[in-house]
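*Asks:* File follows, structure-v2.cif with mmCIF, N, CA and C atoms:
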data_entry
loop_
_atom_site.label_atom_id
_atom_site.label_comp_id
_atom_site.auth_asym_id
_atom_site.auth_seq_id
_atom_site.Cartn_x
_atom_site.Cartn_y
_atom_site.Cartn_z
N MET C 1 203.87 114.94 -144.38
CA MET C 1 202.79 114.01 -144.15
C MET C 1 201.71 114.22 -145.21
N SER C 2 201.05 113.16 -145.55
CA SER C 2 200.00 113.28 -146.56
C SER C 2 198.67 112.82 -146.00
N GLU C 3 197.67 113.65 -146.11
CA GLU C 3 196.33 113.28 -145.67
C GLU C 3 195.73 112.31 -146.67
N GLN C 4 195.15 111.23 -146.22
CA GLN C 4 194.64 110.21 -147.11
C GLN C 4 193.39 110.63 -147.87
N ASP C 5 192.41 111.23 -147.21
CA ASP C 5 191.19 111.59 -147.94
C ASP C 5 190.50 112.85 -147.41
N GLY C 6 191.09 113.49 -146.41
CA GLY C 6 190.53 114.73 -145.92
C GLY C 6 189.41 114.60 -144.91
N SER C 7 188.88 113.40 -144.70
CA SER C 7 187.77 113.26 -143.76
C SER C 7 188.28 113.11 -142.33
N VAL C 8 187.81 113.98 -141.46
CA VAL C 8 188.17 113.95 -140.05
C VAL C 8 186.90 114.22 -139.27
N PRO C 9 186.55 113.51 -138.22
CA PRO C 9 187.35 112.38 -137.74
C PRO C 9 187.14 111.13 -138.59
N ARG C 10 188.13 110.26 -138.49
CA ARG C 10 188.05 108.93 -139.11
C ARG C 10 187.71 107.96 -137.99
N VAL C 11 186.89 106.99 -138.29
CA VAL C 11 186.49 106.02 -137.27
C VAL C 11 186.76 104.61 -137.76
N GLY C 12 186.93 103.71 -136.81
CA GLY C 12 187.17 102.33 -137.17
C GLY C 12 187.01 101.43 -135.97
N GLY C 13 187.32 100.17 -136.19
CA GLY C 13 187.21 99.20 -135.11
C GLY C 13 187.56 97.81 -135.59
N CYS C 14 187.38 96.87 -134.69
CA CYS C 14 187.71 95.48 -134.98
C CYS C 14 186.60 94.80 -135.79
N GLN C 15 186.84 93.57 -136.15
CA GLN C 15 185.89 92.83 -136.98
C GLN C 15 184.56 92.57 -136.28
N CYS C 16 184.59 92.28 -134.97
CA CYS C 16 183.34 91.97 -134.26
C CYS C 16 182.64 93.21 -133.73
N GLY C 17 183.31 94.37 -133.74
CA GLY C 17 182.70 95.61 -133.31
C GLY C 17 182.86 95.94 -131.83
N ASN C 18 183.52 95.07 -131.07
CA ASN C 18 183.70 95.35 -129.64
C ASN C 18 184.75 96.41 -129.36
N ILE C 19 185.65 96.64 -130.28
CA ILE C 19 186.66 97.70 -130.18
C ILE C 19 186.31 98.76 -131.22
N ARG C 20 186.22 100.01 -130.80
CA ARG C 20 185.98 101.14 -131.71
C ARG C 20 186.94 102.25 -131.33
N TYR C 21 187.31 103.06 -132.31
CA TYR C 21 188.22 104.18 -132.08
C TYR C 21 187.92 105.29 -133.07
N GLU C 22 188.52 106.46 -132.80
CA GLU C 22 188.45 107.57 -133.74
C GLU C 22 189.80 108.26 -133.83
N ILE C 23 190.04 108.84 -135.00
CA ILE C 23 191.24 109.63 -135.25
C ILE C 23 190.74 111.03 -135.58
N THR C 24 191.14 112.02 -134.77
CA THR C 24 190.59 113.36 -134.92
C THR C 24 191.47 114.31 -135.71
N GLY C 25 192.69 113.91 -136.02
CA GLY C 25 193.59 114.78 -136.78
C GLY C 25 193.97 114.15 -138.11
N GLU C 26 194.75 114.89 -138.87
CA GLU C 26 195.22 114.38 -140.15
C GLU C 26 196.16 113.20 -139.92
N THR C 27 196.09 112.23 -140.81
CA THR C 27 196.99 111.09 -140.72
C THR C 27 198.21 111.33 -141.58
N GLY C 28 199.22 110.50 -141.39
CA GLY C 28 200.46 110.63 -142.14
C GLY C 28 200.60 109.57 -143.20
N GLU C 29 201.82 109.11 -143.37
CA GLU C 29 202.12 108.14 -144.43
C GLU C 29 201.39 106.82 -144.23
N LEU C 30 201.12 106.18 -145.36
CA LEU C 30 200.55 104.84 -145.40
C LEU C 30 201.66 103.91 -145.87
N TYR C 31 201.94 102.87 -145.08
CA TYR C 31 202.99 101.92 -145.42
C TYR C 31 202.40 100.55 -145.74
N ALA C 32 203.00 99.89 -146.70
CA ALA C 32 202.73 98.48 -146.98
C ALA C 32 204.04 97.75 -146.68
N CYS C 33 204.04 96.94 -145.64
CA CYS C 33 205.26 96.28 -145.19
C CYS C 33 205.25 94.81 -145.63
N HIS C 34 206.34 94.41 -146.26
CA HIS C 34 206.48 93.06 -146.81
C HIS C 34 207.39 92.18 -145.96
N CYS C 35 207.71 92.59 -144.72
CA CYS C 35 208.59 91.79 -143.87
C CYS C 35 207.89 90.50 -143.45
N LEU C 36 208.65 89.54 -142.98
CA LEU C 36 208.11 88.25 -142.58
C LEU C 36 207.08 88.39 -141.45
N GLU C 37 207.37 89.25 -140.46
CA GLU C 37 206.44 89.42 -139.34
C GLU C 37 205.09 89.97 -139.81
N CYS C 38 205.12 90.93 -140.73
CA CYS C 38 203.86 91.49 -141.23
C CYS C 38 203.11 90.48 -142.10
N ARG C 39 203.84 89.66 -142.84
CA ARG C 39 203.17 88.63 -143.61
C ARG C 39 202.52 87.61 -142.68
N LYS C 40 203.19 87.29 -141.57
CA LYS C 40 202.59 86.37 -140.59
C LYS C 40 201.36 87.01 -139.94
N LEU C 41 201.45 88.30 -139.62
CA LEU C 41 200.33 89.02 -139.00
C LEU C 41 199.06 88.90 -139.84
N THR C 42 199.20 89.08 -141.13
CA THR C 42 198.03 89.10 -142.01
C THR C 42 197.74 87.76 -142.68
N ALA C 43 198.69 86.84 -142.57
CA ALA C 43 198.60 85.58 -143.32
C ALA C 43 198.39 85.88 -144.80
N SER C 44 199.08 86.92 -145.27
CA SER C 44 198.93 87.39 -146.65
C SER C 44 200.27 87.94 -147.14
N ALA C 45 200.25 88.71 -148.21
CA ALA C 45 201.46 89.20 -148.85
C ALA C 45 202.13 90.35 -148.11
N PHE C 46 201.38 91.15 -147.36
CA PHE C 46 201.94 92.30 -146.65
C PHE C 46 200.94 92.79 -145.62
N SER C 47 201.38 93.73 -144.79
CA SER C 47 200.51 94.39 -143.83
C SER C 47 200.58 95.88 -144.08
N MET C 48 199.49 96.58 -143.80
CA MET C 48 199.47 98.02 -143.99
C MET C 48 199.41 98.72 -142.64
N SER C 49 200.03 99.90 -142.58
CA SER C 49 200.05 100.73 -141.37
C SER C 49 199.89 102.19 -141.77
N LEU C 50 199.04 102.89 -141.04
CA LEU C 50 198.78 104.31 -141.30
C LEU C 50 199.28 105.12 -140.11
N MET C 51 200.24 106.01 -140.37
CA MET C 51 200.81 106.84 -139.30
C MET C 51 199.74 107.78 -138.75
N THR C 52 199.63 107.80 -137.42
CA THR C 52 198.63 108.61 -136.73
C THR C 52 199.27 109.19 -135.48
N ARG C 53 199.01 110.44 -135.20
CA ARG C 53 199.55 111.04 -133.98
C ARG C 53 198.83 110.44 -132.76
N VAL C 54 199.61 110.12 -131.74
CA VAL C 54 199.06 109.55 -130.51
C VAL C 54 197.97 110.47 -129.95
N ALA C 55 198.21 111.78 -129.98
CA ALA C 55 197.25 112.74 -129.43
C ALA C 55 195.93 112.76 -130.19
N ASP C 56 195.93 112.27 -131.45
CA ASP C 56 194.72 112.28 -132.28
C ASP C 56 193.96 110.96 -132.26
N PHE C 57 194.47 109.97 -131.55
CA PHE C 57 193.85 108.65 -131.50
C PHE C 57 193.14 108.46 -130.17
N ARG C 58 191.87 108.00 -130.24
CA ARG C 58 191.11 107.80 -129.00
C ARG C 58 190.23 106.56 -129.14
N ALA C 59 190.36 105.66 -128.16
CA ALA C 59 189.47 104.50 -128.10
C ALA C 59 188.09 105.00 -127.66
N THR C 60 187.04 104.53 -128.33
CA THR C 60 185.68 104.94 -127.97
C THR C 60 184.84 103.79 -127.42
N ARG C 61 185.31 102.55 -127.61
CA ARG C 61 184.60 101.40 -127.04
C ARG C 61 185.57 100.23 -126.90
N GLY C 62 185.47 99.55 -125.78
CA GLY C 62 186.24 98.34 -125.55
C GLY C 62 187.67 98.58 -125.11
N THR C 63 188.33 97.49 -124.76
CA THR C 63 189.72 97.52 -124.33
C THR C 63 190.48 96.46 -125.10
N THR C 64 191.57 96.89 -125.71
CA THR C 64 192.37 95.94 -126.48
C THR C 64 193.22 95.08 -125.55
N LYS C 65 193.65 93.97 -126.08
CA LYS C 65 194.66 93.14 -125.45
C LYS C 65 195.96 93.51 -126.17
N VAL C 66 197.11 93.32 -125.52
CA VAL C 66 198.39 93.73 -126.09
C VAL C 66 199.35 92.56 -126.14
N TRP C 67 199.97 92.39 -127.29
CA TRP C 67 201.05 91.43 -127.47
C TRP C 67 202.28 92.24 -127.85
N THR C 68 203.43 91.93 -127.27
CA THR C 68 204.65 92.71 -127.47
C THR C 68 205.72 91.87 -128.15
N ARG C 69 206.40 92.51 -129.12
CA ARG C 69 207.50 91.84 -129.81
C ARG C 69 208.56 92.87 -130.18
N LEU C 70 209.75 92.37 -130.55
CA LEU C 70 210.81 93.25 -131.03
C LEU C 70 210.68 93.40 -132.54
N SER C 71 210.92 94.62 -133.03
CA SER C 71 210.93 94.87 -134.48
C SER C 71 212.30 94.50 -135.03
N ASP C 72 212.43 94.48 -136.36
CA ASP C 72 213.72 94.19 -136.98
C ASP C 72 214.77 95.22 -136.60
N LYS C 73 214.34 96.43 -136.26
CA LYS C 73 215.27 97.48 -135.84
C LYS C 73 215.60 97.39 -134.35
N GLY C 74 214.99 96.44 -133.63
CA GLY C 74 215.26 96.27 -132.21
C GLY C 74 214.35 97.08 -131.30
N ASN C 75 213.34 97.75 -131.86
CA ASN C 75 212.38 98.51 -131.05
C ASN C 75 211.35 97.56 -130.45
N THR C 76 210.82 97.92 -129.29
CA THR C 76 209.74 97.15 -128.68
C THR C 76 208.42 97.65 -129.24
N LEU C 77 207.67 96.74 -129.85
CA LEU C 77 206.42 97.06 -130.51
C LEU C 77 205.26 96.46 -129.72
N HIS C 78 204.32 97.30 -129.30
CA HIS C 78 203.13 96.85 -128.58
C HIS C 78 201.99 96.75 -129.59
N CYS C 79 201.52 95.53 -129.83
CA CYS C 79 200.51 95.24 -130.84
C CYS C 79 199.16 95.11 -130.16
N HIS C 80 198.23 96.02 -130.44
CA HIS C 80 196.91 96.05 -129.80
C HIS C 80 195.90 95.33 -130.69
N PHE C 81 195.13 94.43 -130.09
CA PHE C 81 194.14 93.66 -130.83
C PHE C 81 192.92 93.39 -129.99
N CYS C 82 191.81 93.04 -130.64
CA CYS C 82 190.58 92.73 -129.94
C CYS C 82 190.71 91.38 -129.25
N PRO C 83 190.40 91.31 -127.94
CA PRO C 83 190.51 90.04 -127.24
C PRO C 83 189.43 89.03 -127.66
N ASP C 84 188.39 89.50 -128.36
CA ASP C 84 187.30 88.62 -128.77
C ASP C 84 187.50 88.05 -130.17
N CYS C 85 187.72 88.91 -131.16
CA CYS C 85 187.84 88.43 -132.55
C CYS C 85 189.29 88.34 -133.02
N GLY C 86 190.22 88.95 -132.29
CA GLY C 86 191.63 88.87 -132.64
C GLY C 86 192.11 89.90 -133.66
N SER C 87 191.23 90.76 -134.15
CA SER C 87 191.63 91.76 -135.16
C SER C 87 192.67 92.71 -134.59
N ARG C 88 193.76 92.90 -135.33
CA ARG C 88 194.78 93.87 -134.95
C ARG C 88 194.23 95.26 -135.25
N VAL C 89 194.41 96.19 -134.30
CA VAL C 89 193.88 97.55 -134.45
C VAL C 89 195.00 98.57 -134.65
N CYS C 90 196.05 98.50 -133.82
CA CYS C 90 197.13 99.46 -133.94
C CYS C 90 198.40 98.92 -133.31
N HIS C 91 199.51 99.60 -133.61
CA HIS C 91 200.81 99.29 -133.03
C HIS C 91 201.38 100.55 -132.40
N VAL C 92 201.99 100.39 -131.24
CA VAL C 92 202.64 101.49 -130.54
C VAL C 92 204.09 101.09 -130.30
N THR C 93 205.02 101.92 -130.75
CA THR C 93 206.44 101.67 -130.52
C THR C 93 206.82 102.26 -129.17
N GLU C 94 207.37 101.43 -128.31
CA GLU C 94 207.77 101.89 -126.98
C GLU C 94 208.74 103.05 -127.10
N GLY C 95 208.50 104.13 -126.35
CA GLY C 95 209.36 105.30 -126.37
C GLY C 95 208.96 106.35 -127.38
N ASP C 96 208.03 106.04 -128.28
CA ASP C 96 207.55 107.03 -129.25
C ASP C 96 206.24 107.60 -128.76
N ASP C 97 206.29 108.78 -128.17
CA ASP C 97 205.09 109.41 -127.62
C ASP C 97 204.34 110.24 -128.65
N GLU C 98 204.87 110.35 -129.87
CA GLU C 98 204.24 111.19 -130.89
C GLU C 98 203.39 110.41 -131.88
N TRP C 99 203.85 109.22 -132.32
CA TRP C 99 203.18 108.49 -133.39
C TRP C 99 202.82 107.07 -132.98
N LEU C 100 201.74 106.56 -133.56
CA LEU C 100 201.39 105.15 -133.53
C LEU C 100 200.94 104.79 -134.93
N THR C 101 200.80 103.50 -135.21
CA THR C 101 200.31 103.11 -136.52
C THR C 101 198.99 102.36 -136.37
N VAL C 102 198.01 102.82 -137.10
CA VAL C 102 196.70 102.18 -137.14
C VAL C 102 196.72 101.18 -138.30
N LYS C 103 196.08 100.03 -138.10
CA LYS C 103 195.93 99.06 -139.19
C LYS C 103 194.76 99.57 -140.04
N PRO C 104 195.04 100.12 -141.23
CA PRO C 104 194.01 100.83 -141.99
C PRO C 104 192.85 99.96 -142.47
N GLY C 105 193.02 98.66 -142.49
CA GLY C 105 191.90 97.78 -142.82
C GLY C 105 190.82 97.82 -141.76
N SER C 106 191.15 98.36 -140.57
CA SER C 106 190.17 98.46 -139.49
C SER C 106 189.36 99.76 -139.57
N LEU C 107 189.71 100.66 -140.50
CA LEU C 107 188.93 101.90 -140.68
C LEU C 107 187.62 101.60 -141.40
N ASP C 108 186.58 102.33 -141.05
CA ASP C 108 185.29 102.16 -141.71
C ASP C 108 185.33 102.59 -143.17
N GLU C 109 186.10 103.62 -143.49
CA GLU C 109 186.25 104.09 -144.86
C GLU C 109 187.65 103.70 -145.33
N PRO C 110 187.78 103.17 -146.53
CA PRO C 110 189.08 102.67 -146.99
C PRO C 110 190.08 103.79 -147.27
N VAL C 111 191.35 103.40 -147.21
CA VAL C 111 192.44 104.32 -147.59
C VAL C 111 192.80 104.06 -149.06
N ASP C 112 193.50 104.99 -149.65
CA ASP C 112 193.92 104.86 -151.05
C ASP C 112 195.25 104.12 -151.09
N TYR C 113 195.19 102.85 -151.44
CA TYR C 113 196.38 101.99 -151.47
C TYR C 113 197.44 102.49 -152.44
N VAL C 114 197.05 103.19 -153.47
CA VAL C 114 198.01 103.69 -154.47
C VAL C 114 199.06 104.58 -153.82
N GLN C 115 198.71 105.25 -152.72
CA GLN C 115 199.63 106.15 -152.04
C GLN C 115 200.59 105.44 -151.09
N ALA C 116 200.48 104.13 -150.94
CA ALA C 116 201.30 103.39 -149.98
C ALA C 116 202.78 103.43 -150.34
N ILE C 117 203.59 103.56 -149.30
CA ILE C 117 205.04 103.45 -149.39
C ILE C 117 205.37 102.00 -149.04
N HIS C 118 206.02 101.29 -149.93
CA HIS C 118 206.31 99.87 -149.72
C HIS C 118 207.68 99.71 -149.07
N ILE C 119 207.70 99.00 -147.93
CA ILE C 119 208.96 98.77 -147.21
C ILE C 119 209.22 97.27 -147.08
N TRP C 120 210.48 96.95 -146.85
CA TRP C 120 210.95 95.56 -146.79
C TRP C 120 210.64 94.83 -148.08
N THR C 121 210.83 95.53 -149.20
CA THR C 121 210.52 94.93 -150.50
C THR C 121 211.48 93.79 -150.84
N LYS C 122 212.65 93.74 -150.22
CA LYS C 122 213.56 92.63 -150.49
C LYS C 122 212.98 91.32 -149.95
N ARG C 123 211.95 91.40 -149.13
CA ARG C 123 211.30 90.21 -148.59
C ARG C 123 209.90 89.97 -149.17
N LYS C 124 209.52 90.73 -150.18
CA LYS C 124 208.18 90.56 -150.73
C LYS C 124 208.04 89.18 -151.36
N LEU C 125 206.82 88.70 -151.42
CA LEU C 125 206.54 87.39 -152.01
C LEU C 125 206.85 87.41 -153.50
N PRO C 126 207.43 86.34 -154.01
CA PRO C 126 207.68 86.27 -155.45
C PRO C 126 206.37 86.42 -156.22
N GLY C 127 206.42 87.19 -157.29
CA GLY C 127 205.25 87.38 -158.13
C GLY C 127 204.35 88.53 -157.70
N PHE C 128 204.55 89.07 -156.50
CA PHE C 128 203.73 90.20 -156.06
C PHE C 128 204.23 91.45 -156.77
N GLU C 129 203.34 92.16 -157.42
CA GLU C 129 203.71 93.36 -158.18
C GLU C 129 203.37 94.62 -157.39
N ILE C 130 204.36 95.44 -157.15
CA ILE C 130 204.16 96.75 -156.51
C ILE C 130 203.75 97.72 -157.61
N PRO C 131 202.76 98.57 -157.36
CA PRO C 131 202.30 99.50 -158.41
C PRO C 131 203.43 100.36 -158.97
N ASP C 132 203.38 100.59 -160.26
CA ASP C 132 204.37 101.46 -160.91
C ASP C 132 204.39 102.82 -160.23
N GLY C 133 205.57 103.33 -160.01
CA GLY C 133 205.74 104.66 -159.42
C GLY C 133 205.64 104.70 -157.91
N ALA C 134 205.32 103.58 -157.26
CA ALA C 134 205.23 103.58 -155.79
C ALA C 134 206.60 103.76 -155.17
N VAL C 135 206.64 104.55 -154.10
CA VAL C 135 207.87 104.71 -153.34
C VAL C 135 208.14 103.38 -152.63
N GLN C 136 209.40 102.92 -152.70
CA GLN C 136 209.71 101.65 -152.07
C GLN C 136 211.12 101.63 -151.50
N PHE C 137 211.29 100.81 -150.47
CA PHE C 137 212.57 100.66 -149.79
C PHE C 137 212.84 99.18 -149.58
N PRO C 138 214.07 98.71 -149.81
CA PRO C 138 214.38 97.30 -149.63
C PRO C 138 214.24 96.85 -148.17
N GLU C 139 214.45 97.78 -147.23
CA GLU C 139 214.27 97.52 -145.81
C GLU C 139 213.40 98.64 -145.24
N GLU C 140 213.47 98.83 -143.93
CA GLU C 140 212.71 99.89 -143.28
C GLU C 140 213.49 101.19 -143.35
N PRO C 141 212.89 102.28 -143.85
CA PRO C 141 213.63 103.55 -143.91
C PRO C 141 213.84 104.12 -142.51
N ASP C 142 214.81 105.03 -142.41
CA ASP C 142 215.09 105.68 -141.10
C ASP C 142 213.97 106.61 -140.70
#
Just give me the structure of the file as structure tokens.
*Replies:*
Amino acid sequence: MSEQDGSVPRVGGCQCGNIRYEITGETGELYACHCLECRKLTASAFSMSLMTRVADFRATRGTTKVWTRLSDKGNTLHCHFCPDCGSRVCHVTEGDDEWLTVKPGSLDEPVDYVQAIHIWTKRKLPGFEIPDGAVQFPEEPD
């Protein structure tokens, strides 16, 4: 696992501020996903996810609403978002009690995009350039 910037705790929340959270431990990998679902989520070229231990994540204000979908691997993904502004905050994979993914754009302090691992690159938008030397996978790694 790689710590993004060493600052703990990390804090974040939704766009309107009604949802707030903190991460009290070191975070793991940062992913940039180019799959169709992530492009739809962001209405952009990709979505980012920051691996965070469930035990280190704590909501400090508000209650998210949850939308559930199947991932390309067939896992059930619980997508948490603000019921007021709609900002996606995190994803929880059903059955994974150790990790969740935080949407790093919701953090108050930015993450270093250069460290992102790019997945589902076979579905990336034409013309989108992945940084030289970035780790990448044509699909989702195991």
*Asks:* May I have the centre and edge lengths, in Å to one decimal, of an axis-aligned box around the listed atoms of region 57-63 of chain C with 5 Å added to every side, as JSON?
*Replies:*
{"center_x": 189.5, "center_y": 103.2, "center_z": -127.9, "size_x": 19.9, "size_y": 23.5, "size_z": 17.2}
*Asks:* Tell me, in Å to one decimal, how far atom C of Cys85 (chain C) is from atom N of Thr60 (chain C).
*Replies:*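 If I compute the distance from atom C of Cys85 (chain C) to atom N of Thr60 (chain C), I get 17.0 Å.
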*Asks:* Using all atoms listed in the file, can you tell me which of C:Ala45, C:Val66, C:Ile23, C:Val111 comes closest to Cys82 (chain C)?
*Replies:*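 Of all the options, C:Val66 lies closest to Cys82 (chain C).
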*Asks:* I want to know what sits within 6 Å of region 30-44 of chain C, based on only N, CA and C atoms, with residues of the same chain fewer than 6 positions away left out; could you give that as JSON, numbers by chain?
*Replies:* {"C": [50, 51, 115, 116, 117, 118, 119, 120, 121, 123, 124]}
*Asks:* Using the chain letters and residue numbers of this document, give as number ranges by chain the residues selected by the PyMOL selection byres ((chain C and resi 53) around 5).
*Replies:* C: 51-52, 54-57, 98-100
*Asks:* List every residue of region 10-118 of chain C that DSSP, applied to the backbone, labels as strand (DSSP E), and write the result as a PyMOL selection string.
*Replies:* chain C and resi 10-13+20-23+30-33+47-53+57-61+65-70+76-81+88-93+99-102+117-118
*Asks:* May I have the selected residues written with N, CA and C atoms, as a compact mmCIF listing (two decimals), keeping the file's coordinate frame?
*Replies:*
# COMPACT_ATOMS: atom_id res chain seq x y z
N ARG C 10 188.13 110.26 -138.49
CA ARG C 10 188.05 108.93 -139.11
C ARG C 10 187.71 107.96 -137.99
N VAL C 11 186.89 106.99 -138.29
CA VAL C 11 186.49 106.02 -137.27
C VAL C 11 186.76 104.61 -137.76
N GLY C 12 186.93 103.71 -136.81
CA GLY C 12 187.17 102.33 -137.17
C GLY C 12 187.01 101.43 -135.97
N GLY C 13 187.32 100.17 -136.19
CA GLY C 13 187.21 99.20 -135.11
C GLY C 13 187.56 97.81 -135.59
N ARG C 20 186.22 100.01 -130.80
CA ARG C 20 185.98 101.14 -131.71
C ARG C 20 186.94 102.25 -131.33
N TYR C 21 187.31 103.06 -132.31
CA TYR C 21 188.22 104.18 -132.08
C TYR C 21 187.92 105.29 -133.07
N GLU C 22 188.52 106.46 -132.80
CA GLU C 22 188.45 107.57 -133.74
C GLU C 22 189.80 108.26 -133.83
N ILE C 23 190.04 108.84 -135.00
CA ILE C 23 191.24 109.63 -135.25
C ILE C 23 190.74 111.03 -135.58
N LEU C 30 201.12 106.18 -145.36
CA LEU C 30 200.55 104.84 -145.40
C LEU C 30 201.66 103.91 -145.87
N TYR C 31 201.94 102.87 -145.08
CA TYR C 31 202.99 101.92 -145.42
C TYR C 31 202.40 100.55 -145.74
N ALA C 32 203.00 99.89 -146.70
CA ALA C 32 202.73 98.48 -146.98
C ALA C 32 204.04 97.75 -146.68
N CYS C 33 204.04 96.94 -145.64
CA CYS C 33 205.26 96.28 -145.19
C CYS C 33 205.25 94.81 -145.63
N SER C 47 201.38 93.73 -144.79
CA SER C 47 200.51 94.39 -143.83
C SER C 47 200.58 95.88 -144.08
N MET C 48 199.49 96.58 -143.80
CA MET C 48 199.47 98.02 -143.99
C MET C 48 199.41 98.72 -142.64
N SER C 49 200.03 99.90 -142.58
CA SER C 49 200.05 100.73 -141.37
C SER C 49 199.89 102.19 -141.77
N LEU C 50 199.04 102.89 -141.04
CA LEU C 50 198.78 104.31 -141.30
C LEU C 50 199.28 105.12 -140.11
N MET C 51 200.24 106.01 -140.37
CA MET C 51 200.81 106.84 -139.30
C MET C 51 199.74 107.78 -138.75
N THR C 52 199.63 107.80 -137.42
CA THR C 52 198.63 108.61 -136.73
C THR C 52 199.27 109.19 -135.48
N ARG C 53 199.01 110.44 -135.20
CA ARG C 53 199.55 111.04 -133.98
C ARG C 53 198.83 110.44 -132.76
N PHE C 57 194.47 109.97 -131.55
CA PHE C 57 193.85 108.65 -131.50
C PHE C 57 193.14 108.46 -130.17
N ARG C 58 191.87 108.00 -130.24
CA ARG C 58 191.11 107.80 -129.00
C ARG C 58 190.23 106.56 -129.14
N ALA C 59 190.36 105.66 -128.16
CA ALA C 59 189.47 104.50 -128.10
C ALA C 59 188.09 105.00 -127.66
N THR C 60 187.04 104.53 -128.33
CA THR C 60 185.68 104.94 -127.97
C THR C 60 184.84 103.79 -127.42
N ARG C 61 185.31 102.55 -127.61
CA ARG C 61 184.60 101.40 -127.04
C ARG C 61 185.57 100.23 -126.90
N LYS C 65 193.65 93.97 -126.08
CA LYS C 65 194.66 93.14 -125.45
C LYS C 65 195.96 93.51 -126.17
N VAL C 66 197.11 93.32 -125.52
CA VAL C 66 198.39 93.73 -126.09
C VAL C 66 199.35 92.56 -126.14
N TRP C 67 199.97 92.39 -127.29
CA TRP C 67 201.05 91.43 -127.47
C TRP C 67 202.28 92.24 -127.85
N THR C 68 203.43 91.93 -127.27
CA THR C 68 204.65 92.71 -127.47
C THR C 68 205.72 91.87 -128.15
N ARG C 69 206.40 92.51 -129.12
CA ARG C 69 207.50 91.84 -129.81
C ARG C 69 208.56 92.87 -130.18
N LEU C 70 209.75 92.37 -130.55
CA LEU C 70 210.81 93.25 -131.03
C LEU C 70 210.68 93.40 -132.54
N THR C 76 210.82 97.92 -129.29
CA THR C 76 209.74 97.15 -128.68
C THR C 76 208.42 97.65 -129.24
N LEU C 77 207.67 96.74 -129.85
CA LEU C 77 206.42 97.06 -130.51
C LEU C 77 205.26 96.46 -129.72
N HIS C 78 204.32 97.30 -129.30
CA HIS C 78 203.13 96.85 -128.58
C HIS C 78 201.99 96.75 -129.59
N CYS C 79 201.52 95.53 -129.83
CA CYS C 79 200.51 95.24 -130.84
C CYS C 79 199.16 95.11 -130.16
N HIS C 80 198.23 96.02 -130.44
CA HIS C 80 196.91 96.05 -129.80
C HIS C 80 195.90 95.33 -130.69
N PHE C 81 195.13 94.43 -130.09
CA PHE C 81 194.14 93.66 -130.83
C PHE C 81 192.92 93.39 -129.99
N ARG C 88 193.76 92.90 -135.33
CA ARG C 88 194.78 93.87 -134.95
C ARG C 88 194.23 95.26 -135.25
N VAL C 89 194.41 96.19 -134.30
CA VAL C 89 193.88 97.55 -134.45
C VAL C 89 195.00 98.57 -134.65
N CYS C 90 196.05 98.50 -133.82
CA CYS C 90 197.13 99.46 -133.94
C CYS C 90 198.40 98.92 -133.31
N HIS C 91 199.51 99.60 -133.61
CA HIS C 91 200.81 99.29 -133.03
C HIS C 91 201.38 100.55 -132.40
N VAL C 92 201.99 100.39 -131.24
CA VAL C 92 202.64 101.49 -130.54
C VAL C 92 204.09 101.09 -130.30
N THR C 93 205.02 101.92 -130.75
CA THR C 93 206.44 101.67 -130.52
C THR C 93 206.82 102.26 -129.17
N TRP C 99 203.85 109.22 -132.32
CA TRP C 99 203.18 108.49 -133.39
C TRP C 99 202.82 107.07 -132.98
N LEU C 100 201.74 106.56 -133.56
CA LEU C 100 201.39 105.15 -133.53
C LEU C 100 200.94 104.79 -134.93
N THR C 101 200.80 103.50 -135.21
CA THR C 101 200.31 103.11 -136.52
C THR C 101 198.99 102.36 -136.37
N VAL C 102 198.01 102.82 -137.10
CA VAL C 102 196.70 102.18 -137.14
C VAL C 102 196.72 101.18 -138.30
N ILE C 117 203.59 103.56 -149.30
CA ILE C 117 205.04 103.45 -149.39
C ILE C 117 205.37 102.00 -149.04
N HIS C 118 206.02 101.29 -149.93
CA HIS C 118 206.31 99.87 -149.72
C HIS C 118 207.68 99.71 -149.07
*Asks:* Out of C:Thr24, C:Thr93, C:Phe46, C:Cys16, which residue has the shortest atom-to-atom distance to Arg69 (chain C) when counting only C-alpha atoms?
*Replies:*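 Closest candidate: C:Thr93.
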*Asks:* Can you tell me, as a list in words, what residues are no more than 12 Å from Gly12 (chain C) when counting only C-alpha atoms, ignoring any on the same chain fewer than 5 positions away?
*Replies:* Gly17, Asn18, Ile19, Arg20, Tyr21, Glu22, Ile23, Thr24, Phe57, Arg58, Ala59, Thr60, Arg61, Ser87, Arg88, Val89, Cys90, Val102, Lys103, Pro104, Gly105, Ser106, Leu107, Asp108, Glu109, Pro110 and Val111 of chain C
*Asks:* What is the CA of Ser49 (chain C) to CA of Thr101 (chain C) distance in Å?
*Replies:*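 Computing it gives 5.4 Å between the two atoms.
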*Asks:* Using only C-alpha atoms, which of the listed residues (C:Phe137, C:Leu70, C:Asn75, C:Pro83) sits closest to Gly95 (chain C)?
*Replies:*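 Among the listed residues, C:Asn75 lies closest to Gly95 (chain C).
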*Asks:* How far is it from CA of Gly13 (chain C) to CA of Met48 (chain C), in Å with one decimal?
*Replies:*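 Computing the Euclidean distance for CA of Gly13 (chain C) and CA of Met48 (chain C) yields 15.2 Å.
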*Asks:* Here is a test: counting all atoms listed in the file, which residue of C:Lys122, C:Cys79, C:Asp132, C:Gly86 is nearest to Gln15 (chain C)?
*Replies:*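 Of all the options, C:Gly86 lies closest to Gln15 (chain C).
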